[in-house]
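Undergrad: Got a structure for you, protein_18.pdb, holding PDB, C-alpha atoms.
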```
ATOM      1  CA  MET A   1       0.000   0.000   0.000
ATOM      2  CA  LYS A   2       1.096   3.584  -0.519
ATOM      3  CA  VAL A   3       1.135   6.688   1.651
ATOM      4  CA  LYS A   4       2.128  10.202   0.678
ATOM      5  CA  VAL A   5       4.441  12.190   2.951
ATOM      6  CA  LEU A   6       4.546  15.992   2.707
ATOM      7  CA  PHE A   7       7.577  17.962   3.909
ATOM      8  CA  PHE A   8       7.576  21.651   4.840
ATOM      9  CA  ALA A   9      10.153  24.400   5.526
ATOM     10  CA  SER A  10      13.393  23.150   7.093
ATOM     11  CA  ILE A  11      12.381  19.500   6.752
ATOM     12  CA  LYS A  12      11.806  20.087   3.052
ATOM     13  CA  ASP A  13      15.330  21.535   2.915
ATOM     14  CA  ILE A  14      16.705  18.391   4.567
ATOM     15  CA  THR A  15      14.906  15.980   2.236
ATOM     16  CA  GLY A  16      15.273  18.075  -0.896
ATOM     17  CA  VAL A  17      11.676  17.281  -1.896
ATOM     18  CA  SER A  18       8.251  18.565  -0.938
ATOM     19  CA  GLU A  19       6.588  15.156  -1.063
ATOM     20  CA  LEU A  20       7.303  11.462  -1.357
ATOM     21  CA  THR A  21       5.082   8.472  -2.046
ATOM     22  CA  LEU A  22       6.178   5.543   0.071
ATOM     23  CA  ASP A  23       5.294   1.854  -0.074
ATOM     24  CA  VAL A  24       4.465   0.523   3.397
ATOM     25  CA  ASN A  25       3.049  -2.711   4.743
ATOM     26  CA  GLU A  26      -0.453  -3.012   6.159
ATOM     27  CA  PHE A  27       0.779  -2.972   9.778
ATOM     28  CA  SER A  28       2.887   0.197   9.517
ATOM     29  CA  THR A  29       2.463   3.019  12.012
ATOM     30  CA  ILE A  30       3.394   6.671  11.717
ATOM     31  CA  LEU A  31       6.530   5.867  13.726
ATOM     32  CA  ASP A  32       7.455   3.125  11.232
ATOM     33  CA  VAL A  33       7.071   5.597   8.374
ATOM     34  CA  LEU A  34       9.325   8.128  10.131
ATOM     35  CA  LYS A  35      11.979   5.474  10.769
ATOM     36  CA  ARG A  36      11.809   4.504   7.107
ATOM     37  CA  LEU A  37      12.268   8.157   6.138
ATOM     38  CA  ALA A  38      15.328   8.295   8.401
ATOM     39  CA  GLU A  39      16.766   5.352   6.453
ATOM     40  CA  ILE A  40      16.077   7.120   3.162
ATOM     41  CA  TYR A  41      17.260  10.621   4.124
ATOM     42  CA  GLY A  42      20.014   9.716   6.561
ATOM     43  CA  ASP A  43      21.543  11.250   9.653
ATOM     44  CA  ARG A  44      20.422  14.823   9.100
ATOM     45  CA  PHE A  45      16.752  13.821   8.952
ATOM     46  CA  ARG A  46      17.109  11.334  11.804
ATOM     47  CA  ASP A  47      18.848  13.848  14.074
ATOM     48  CA  TYR A  48      16.208  16.487  13.339
ATOM     49  CA  VAL A  49      13.260  14.193  14.065
ATOM     50  CA  PHE A  50      14.577  11.688  16.621
ATOM     51  CA  GLY A  51      16.564  11.723  19.858
ATOM     52  CA  ASP A  52      19.508   9.425  20.552
ATOM     53  CA  ASP A  53      17.259   6.520  21.526
ATOM     54  CA  PHE A  54      15.029   6.952  18.443
ATOM     55  CA  SER A  55      12.409   8.714  20.538
ATOM     56  CA  PHE A  56      10.395  11.191  18.507
ATOM     57  CA  LYS A  57      11.186  14.843  19.207
ATOM     58  CA  PRO A  58       7.913  16.500  20.236
ATOM     59  CA  HIS A  59       8.748  19.852  18.610
ATOM     60  CA  ILE A  60       8.045  18.277  15.214
ATOM     61  CA  ARG A  61       4.361  18.401  14.320
ATOM     62  CA  LEU A  62       2.644  15.632  12.385
ATOM     63  CA  ALA A  63      -0.699  15.554  10.665
ATOM     64  CA  LEU A  64      -2.498  12.539   9.240
ATOM     65  CA  ASN A  65      -5.026  13.385   6.532
ATOM     66  CA  GLY A  66      -5.171  16.969   7.804
ATOM     67  CA  ASP A  67      -5.595  16.166  11.506
ATOM     68  CA  TYR A  68      -2.767  16.943  13.917
ATOM     69  CA  LEU A  69      -1.519  13.967  15.914
ATOM     70  CA  ASP A  70      -0.488  13.581  19.533
ATOM     71  CA  SER A  71       3.263  13.083  19.123
ATOM     72  CA  SER A  72       3.458  10.870  22.207
ATOM     73  CA  ARG A  73       1.240   8.301  20.468
ATOM     74  CA  ILE A  74       2.691   8.082  16.944
ATOM     75  CA  GLY A  75       3.532   4.412  17.434
ATOM     76  CA  GLU A  76      -0.192   3.721  17.849
ATOM     77  CA  PHE A  77      -1.473   5.354  14.646
ATOM     78  CA  ARG A  78      -1.637   2.838  11.801
ATOM     79  CA  VAL A  79      -1.457   4.140   8.257
ATOM     80  CA  HIS A  80      -3.776   3.059   5.464
ATOM     81  CA  ASP A  81      -3.517   3.064   1.703
ATOM     82  CA  GLY A  82      -3.788   6.607   0.378
ATOM     83  CA  ASP A  83      -3.095   8.337   3.693
ATOM     84  CA  VAL A  84      -1.286  11.680   3.627
ATOM     85  CA  ILE A  85       1.212  12.424   6.388
ATOM     86  CA  ALA A  86       2.497  15.970   6.834
ATOM     87  CA  VAL A  87       5.801  16.507   8.646
ATOM     88  CA  LEU A  88       6.039  20.064   9.940
ATOM     89  CA  PRO A  89       8.939  21.756  11.696
ATOM     90  CA  PRO A  90       8.497  23.889  14.806
ATOM     91  CA  VAL A  91       6.487  27.019  14.170
ATOM     92  CA  SER A  92       7.622  30.417  15.332
ATOM     93  CA  GLY A  93       6.310  33.848  14.817
ATOM     94  CA  GLY A  94       4.768  36.736  16.545
TER      95      GLY A  94
END
```
With the file now loaded, output its structure as structure tokens.

TA:
Amino acid sequence: MKVKVLFFASIKDITGVSELTLDVNEFSTILDVLKRLAEIYGDRFRDYVFGDDFSFKPHIRLALNGDYLDSSRIGEFRVHDGDVIAVLPPVSGG
């Protein structure tokens, strides 16, 4: 099955693309997808998104099909064929 991943701002700079379609298995979670992206995009992506123990850094925002996710539970959210995952860097402004 396929999911689409969208990258924004500094994460887009790290990946060099604004989106990627990824083949995943039927049991994949959001966390599995992020680990797969770390394999594809290497240390710079991994260090930006994960801590030393592969724990997800909570300053990164994720959305699944337009709905923001609780970053502490990304290992619980299964993906489905056609899902769209947005990976957003920290937001600042004033």

Undergrad: What is the CA of Glu39 in chain A to CA of Arg73 in chain A distance in Å?

TA: 21.1 Å

Undergrad: May I ask which of the residues A:Val24, A:Ala86, A:Ile11, A:Leu37 is the closest one to Tyr68 in chain A, counting only C-alpha atoms?

TA: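 So, comparing all the options, the nearest one is A:Ala86.
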
Undergrad: Show which residues sit within 12 Å of Val33 in chain A, as a PyMOL selection string. Count all atoms listed in the file, and ignore same-chain residues fewer than 3 positions away.

TA: chain A and resi 2-5+20-30+36-40+62+64+74-75+77-80+83-87

Undergrad: To one decimal in Å, tell me the separation between CA of Leu88 in chain A and CA of Phe7 in chain A.

TA: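 Calculated distance between CA of Leu88 in chain A and CA of Phe7 in chain A is 6.6 Å.
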
Undergrad: Evaluating the PyMOL selection byres ((chain A and resi 44-58) around 9) on the displayed file yields which residues, as a ChimeraX atom specification?

TA: /A:11,14-15,31,34-35,37-43,59-61,70-72,74

Undergrad: So how many Å separate CA of Asn65 in chain A and CA of Ser18 in chain A, to one decimal?

TA: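 That distance, rounded to one decimal, is 16.1 Å.
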
Undergrad: Step by step, gather every atom of range 46-56 of chain A that the file lists, find the box along x, y and z that holds them, add 3 Å on each side, and finally give centre and edge lengths in Å to one decimal, as lines of an AutoDock Vina configuration file.

TA:
```
center_x = 15.0
center_y = 11.5
center_z = 16.7
size_x = 15.1
size_y = 16.0
size_z = 15.7
```
